[in-house]
$ cat target-v5.pdb   # PDB, C-alpha atoms
MODEL        1
ATOM      1  CA  MET A   1       6.000  -7.925  60.715
ATOM      2  CA  GLU A   2       4.378  -4.526  60.987
ATOM      3  CA  ALA A   3       7.325  -2.892  59.186
ATOM      4  CA  ALA A   4       6.878  -5.321  56.281
ATOM      5  CA  ARG A   5       3.249  -4.260  55.986
ATOM      6  CA  ARG A   6       4.208  -0.612  55.759
ATOM      7  CA  CYS A   7       6.815  -1.283  53.047
ATOM      8  CA  PRO A   8       5.344  -1.272  49.515
ATOM      9  CA  LEU A   9       5.731  -4.514  47.553
ATOM     10  CA  TRP A  10       7.741  -2.955  44.742
ATOM     11  CA  LEU A  11      10.494  -1.666  47.068
ATOM     12  CA  PRO A  12      12.199  -5.066  47.699
ATOM     13  CA  GLY A  13      12.014  -5.785  43.966
ATOM     14  CA  LEU A  14      13.698  -2.477  43.215
ATOM     15  CA  ALA A  15      16.443  -3.191  45.764
ATOM     16  CA  LEU A  16      17.054  -6.632  44.237
ATOM     17  CA  LEU A  17      17.185  -5.174  40.731
ATOM     18  CA  TRP A  18      19.618  -2.449  41.836
ATOM     19  CA  GLY A  19      21.874  -5.028  43.514
ATOM     20  CA  ARG A  20      22.018  -7.146  40.355
ATOM     21  CA  ALA A  21      22.778  -4.096  38.213
ATOM     22  CA  VAL A  22      25.685  -3.070  40.470
ATOM     23  CA  ALA A  23      27.042  -6.632  40.441
ATOM     24  CA  GLY A  24      26.833  -6.680  36.645
ATOM     25  CA  LEU A  25      28.732  -3.387  36.366
ATOM     26  CA  GLU A  26      31.468  -4.698  38.684
ATOM     27  CA  GLN A  27      31.775  -7.830  36.564
ATOM     28  CA  ILE A  28      32.116  -5.724  33.398
ATOM     29  CA  ARG A  29      34.856  -3.631  35.017
ATOM     30  CA  THR A  30      36.851  -6.693  36.067
ATOM     31  CA  THR A  31      36.758  -8.434  32.662
ATOM     32  CA  VAL A  32      39.869  -8.317  30.561
ATOM     33  CA  PRO A  33      39.636  -6.124  27.447
ATOM     34  CA  PRO A  34      39.790  -8.073  24.165
ATOM     35  CA  PRO A  35      43.186  -8.419  22.532
ATOM     36  CA  PRO A  36      43.939  -5.915  19.778
ATOM     37  CA  ALA A  37      42.849  -7.018  16.314
ATOM     38  CA  GLN A  38      45.517  -8.526  14.120
ATOM     39  CA  ALA A  39      46.640  -6.696  11.018
ATOM     40  CA  CYS A  40      45.150  -8.030   7.781
ATOM     41  CA  SER A  41      48.579  -8.505   6.240
ATOM     42  CA  GLU A  42      49.269 -11.279   8.787
ATOM     43  CA  PHE A  43      46.634 -13.453   7.031
ATOM     44  CA  SER A  44      48.314 -13.231   3.607
ATOM     45  CA  GLN A  45      49.266 -16.574   2.034
ATOM     46  CA  LYS A  46      46.838 -18.327   4.412
ATOM     47  CA  SER A  47      43.171 -18.888   3.508
ATOM     48  CA  CYS A  48      40.314 -16.649   2.495
ATOM     49  CA  GLU A  49      38.168 -17.802   5.434
ATOM     50  CA  GLU A  50      40.841 -16.855   7.988
ATOM     51  CA  CYS A  51      41.307 -13.453   6.352
ATOM     52  CA  LEU A  52      37.615 -12.616   6.232
ATOM     53  CA  LYS A  53      37.032 -13.422   9.906
ATOM     54  CA  ASN A  54      38.139  -9.822  10.393
ATOM     55  CA  VAL A  55      35.498  -7.617   8.739
ATOM     56  CA  SER A  56      38.008  -4.900   7.968
ATOM     57  CA  CYS A  57      39.980  -7.203   5.658
ATOM     58  CA  LEU A  58      39.716  -7.810   1.920
ATOM     59  CA  TRP A  59      40.984 -11.008   0.251
ATOM     60  CA  CYS A  60      42.492 -10.826  -3.227
ATOM     61  CA  TYR A  61      42.611 -14.117  -5.166
ATOM     62  CA  THR A  62      45.112 -12.917  -7.795
ATOM     63  CA  ASN A  63      48.049 -13.058  -5.381
ATOM     64  CA  ASN A  64      46.387 -14.667  -2.296
ATOM     65  CA  THR A  65      46.854 -11.598  -0.137
ATOM     66  CA  CYS A  66      44.807 -10.262   2.721
ATOM     67  CA  ILE A  67      44.766  -6.466   2.740
ATOM     68  CA  ASP A  68      43.058  -3.759   4.753
ATOM     69  CA  TYR A  69      39.790  -2.679   3.153
ATOM     70  CA  PRO A  70      40.242   0.832   1.709
ATOM     71  CA  VAL A  71      37.609   2.602   3.781
ATOM     72  CA  ARG A  72      38.245   5.998   2.186
ATOM     73  CA  SER A  73      36.810   4.785  -1.105
ATOM     74  CA  ILE A  74      33.596   2.789  -1.356
ATOM     75  CA  PHE A  75      34.987   0.281  -3.829
ATOM     76  CA  PRO A  76      38.566  -0.987  -3.733
ATOM     77  CA  PRO A  77      40.615   0.481  -6.595
ATOM     78  CA  SER A  78      41.592  -1.878  -9.413
ATOM     79  CA  SER A  79      45.274  -1.150  -8.719
ATOM     80  CA  LEU A  80      44.801  -2.843  -5.340
ATOM     81  CA  CYS A  81      42.784  -5.829  -6.615
ATOM     82  CA  SER A  82      40.304  -6.300  -9.466
ATOM     83  CA  LEU A  83      36.669  -6.497  -8.366
ATOM     84  CA  SER A  84      36.201  -9.950  -9.901
ATOM     85  CA  ASN A  85      39.038 -11.326  -7.737
ATOM     86  CA  ALA A  86      38.268  -9.415  -4.538
ATOM     87  CA  ARG A  87      36.334 -11.049  -1.705
ATOM     88  CA  TRP A  88      34.816  -9.274   1.263
ATOM     89  CA  GLY A  89      32.483 -10.708   3.890
ATOM     90  CA  VAL A  90      32.241 -14.167   2.313
ATOM     91  CA  CYS A  91      34.624 -16.134   0.147
ATOM     92  CA  TRP A  92      32.093 -17.719  -2.212
ATOM     93  CA  ILE A  93      30.999 -14.492  -3.930
ATOM     94  CA  ASN A  94      33.301 -11.987  -5.593
ATOM     95  CA  PHE A  95      33.044  -8.270  -4.897
ATOM     96  CA  GLU A  96      31.720  -7.508  -8.374
ATOM     97  CA  ALA A  97      28.804  -9.942  -7.986
ATOM     98  CA  LEU A  98      28.216  -8.646  -4.460
ATOM     99  CA  ILE A  99      27.911  -5.081  -5.749
ATOM    100  CA  ILE A 100      25.553  -6.177  -8.550
ATOM    101  CA  ALA A 101      23.420  -8.233  -6.151
ATOM    102  CA  MET A 102      23.198  -5.377  -3.656
ATOM    103  CA  ALA A 103      22.294  -2.932  -6.440
ATOM    104  CA  VAL A 104      19.569  -5.273  -7.712
ATOM    105  CA  VAL A 105      18.133  -5.717  -4.210
ATOM    106  CA  ALA A 106      18.231  -1.952  -3.582
ATOM    107  CA  GLY A 107      16.605  -1.340  -6.980
ATOM    108  CA  LEU A 108      13.857  -3.859  -6.235
ATOM    109  CA  ILE A 109      13.200  -2.229  -2.879
ATOM    110  CA  LEU A 110      13.004   1.234  -4.467
ATOM    111  CA  VAL A 111      10.745   0.010  -7.273
ATOM    112  CA  SER A 112       8.439  -1.777  -4.819
ATOM    113  CA  ILE A 113       8.225   1.334  -2.611
ATOM    114  CA  THR A 114       7.473   3.473  -5.676
ATOM    115  CA  VAL A 115       4.815   1.028  -6.896
ATOM    116  CA  CYS A 116       3.223   0.926  -3.435
ATOM    117  CA  CYS A 117       3.159   4.734  -3.213
ATOM    118  CA  CYS A 118       1.695   5.094  -6.712
ATOM    119  CA  TYR A 119      -0.883   2.390  -6.024
ATOM    120  CA  CYS A 120      -1.900   4.057  -2.754
ATOM    121  CA  CYS A 121      -2.230   7.442  -4.477
ATOM    122  CA  TYR A 122      -4.266   5.844  -7.295
ATOM    123  CA  CYS A 123      -6.550   4.090  -4.813
ATOM    124  CA  ARG A 124      -7.050   7.275  -2.827
ATOM    125  CA  ARG A 125      -7.882   9.215  -5.994
ATOM    126  CA  ARG A 126     -10.157   6.398  -7.155
ATOM    127  CA  SER A 127     -11.937   6.258  -3.801
ATOM    128  CA  ARG A 128     -12.550  10.018  -4.004
ATOM    129  CA  ARG A 129     -13.963   9.525  -7.486
ATOM    130  CA  LEU A 130     -16.142   6.680  -6.239
ATOM    131  CA  ASP A 131     -17.393   8.860  -3.392
ATOM    132  CA  ASP A 132     -18.302  11.582  -5.893
ATOM    133  CA  GLU A 133     -20.056   9.025  -8.123
ATOM    134  CA  GLU A 134     -21.938   7.581  -5.155
ATOM    135  CA  GLU A 135     -22.996  11.073  -4.133
ATOM    136  CA  GLN A 136     -24.238  11.822  -7.662
ATOM    137  CA  LEU A 137     -26.121   8.516  -7.768
ATOM    138  CA  ALA A 138     -27.740   9.268  -4.399
ATOM    139  CA  ARG A 139     -28.789  12.741  -5.625
ATOM    140  CA  LYS A 140     -30.264  11.286  -8.827
ATOM    141  CA  ARG A 141     -32.050   8.571  -6.865
ATOM    142  CA  GLU A 142     -33.568  11.190  -4.557
ATOM    143  CA  GLU A 143     -34.622  13.327  -7.527
ATOM    144  CA  ARG A 144     -36.295  10.297  -9.166
ATOM    145  CA  ARG A 145     -38.069   9.446  -5.908
ATOM    146  CA  LEU A 146     -39.387  13.021  -5.581
ATOM    147  CA  GLN A 147     -40.517  13.045  -9.221
ATOM    148  CA  SER A 148     -42.259   9.723  -8.691
ATOM    149  CA  LEU A 149     -44.065  11.062  -5.622
ATOM    150  CA  GLN A 150     -45.079  14.180  -7.547
ATOM    151  CA  ARG A 151     -46.447  12.099 -10.442
ATOM    152  CA  LYS A 152     -48.271   9.863  -7.989
ATOM    153  CA  HIS A 153     -49.884  12.908  -6.368
ATOM    154  CA  GLU A 154     -50.870  14.316  -9.774
ATOM    155  CA  ARG A 155     -52.422  10.948 -10.754
ATOM    156  CA  LYS A 156     -54.373  10.851  -7.511
ATOM    157  CA  LEU A 157     -55.704  14.371  -8.117
ATOM    158  CA  LYS A 158     -56.693  13.448 -11.678
ATOM    159  CA  HIS A 159     -58.415  10.263 -10.534
ATOM    160  CA  ASP A 160     -60.257  12.196  -7.823
ATOM    161  CA  GLU A 161     -61.472  14.704 -10.418
ATOM    162  CA  ILE A 162     -62.778  11.873 -12.603
ATOM    163  CA  ARG A 163     -64.488  10.215  -9.623
ATOM    164  CA  LYS A 164     -66.041  13.542  -8.655
ATOM    165  CA  LYS A 165     -67.234  14.101 -12.206
ATOM    166  CA  TYR A 166     -69.043  10.782 -12.290
ATOM    167  CA  GLY A 167     -70.199  10.957  -8.701
ATOM    168  CA  LEU A 168     -67.980   8.168  -7.484
ATOM    169  CA  LEU A 169     -66.108  10.332  -5.041
ATOM    170  CA  GLN A 170     -67.404   9.899  -1.541
ATOM    171  CA  ASP A 171     -67.844  12.858   0.695
ATOM    172  CA  SER A 172     -64.701  13.462   2.646
ATOM    173  CA  ASP A 173     -66.777  14.604   5.615
ATOM    174  CA  ASN A 174     -68.711  11.368   5.804
ATOM    175  CA  PRO A 175     -66.786   8.560   4.152
ATOM    176  CA  TYR A 176     -69.341   5.963   5.337
ATOM    177  CA  SER A 177     -72.368   7.401   3.508
ATOM    178  CA  ARG A 178     -74.603   5.053   1.630
ATOM    179  CA  PHE A 179     -74.162   4.709  -2.070
ATOM    180  CA  GLU A 180     -77.406   5.424  -3.885
ATOM    181  CA  ASN A 181     -78.307   4.485  -7.412
ATOM    182  CA  GLU A 182     -80.461   7.014  -9.246
TER
ENDMDL
END

$ encode --input "target-v5.pdb" --output "structure tokens"
Amino acid sequence: MEAARRCPLWLPGLALLWGRAVAGLEQIRTTVPPPPAQACSEFSQKSCEECLKNVSCLWCYTNNTCIDYPVRSIFPPSSLCSLSNARWGVCWINFEALIIAMAVVAGLILVSITVCCCYCCYCRRRSRRLDDEEEQLARKREERRLQSLQRKHERKLKHDEIRKKYGLLQDSDNPYSRFENE
């Protein structure tokens, strides 16, 4: 009981995990390796579906043959089988249409990436321009506010002069003096 208290809680979990990992490795070692893949030529004169179960095979509809895909060249040469009659991966689409479809999808992806990049660059440039415009507007607004304050001060001085001239200006020392009519 006391030994269990001294043992951290994660230690039994680690031991259990290690035991399962070792058991899994032993099971992998004892499994039988898969049988070697059949040659593609064995599927000739059978069906397209049977031939294309092996991804390294190419089905040619002109003579119903299953041949090894020529991995050294990207596209199978026309001497081997014409692209319109060649099937690879699936039987319902010919190799020519598959190439065109893949090219269209790749082109759309490239165009969309290019459009996204251009749009992001445009937005970034536009946001910089907007920041500059906002800064200019703020400067102009501040200048107008200062000019307005200056004009207000000048008006006040002018009004004070007029009040002083006509004796309407109260003494700044004693603003509560009595107004006397003469």

$ resolve_selection --input "target-v5.pdb" --expression "the PyMOL selection byres ((chain A and resi 60) around 9)" --output "PyMOL selection string"
chain A and resi 48+58-59+61-67+80-83+85-87

$ atom_distance --input "target-v5.pdb" --atom1 "atom CA of A:Ile109" --atom2 "atom CA of A:Tyr122"
19.7 Å

$ atom_distance --input "target-v5.pdb" --atom1 "atom CA of A:Ile100" --atom2 "atom CA of A:Lys46"
27.7 Å

$ closest_residue --input "target-v5.pdb" --among "A:Leu52, A:Ala39, A:Cys123, A:Cys117" --to "A:Cys91" --atoms "only C-alpha atoms"
A:Leu52

$ atom_distance --input "target-v5.pdb" --atom1 "atom CA of A:Phe75" --atom2 "atom CA of A:Glu96"
9.6 Å

$ axis_aligned_box --input "target-v5.pdb" --around "stretch 65-84 of chain A" --padding-each-side "3 Å" --output "JSON"
{"center_x": 40.2, "center_y": -2.8, "center_z": -2.6, "size_x": 19.3, "size_y": 23.6, "size_z": 20.7}
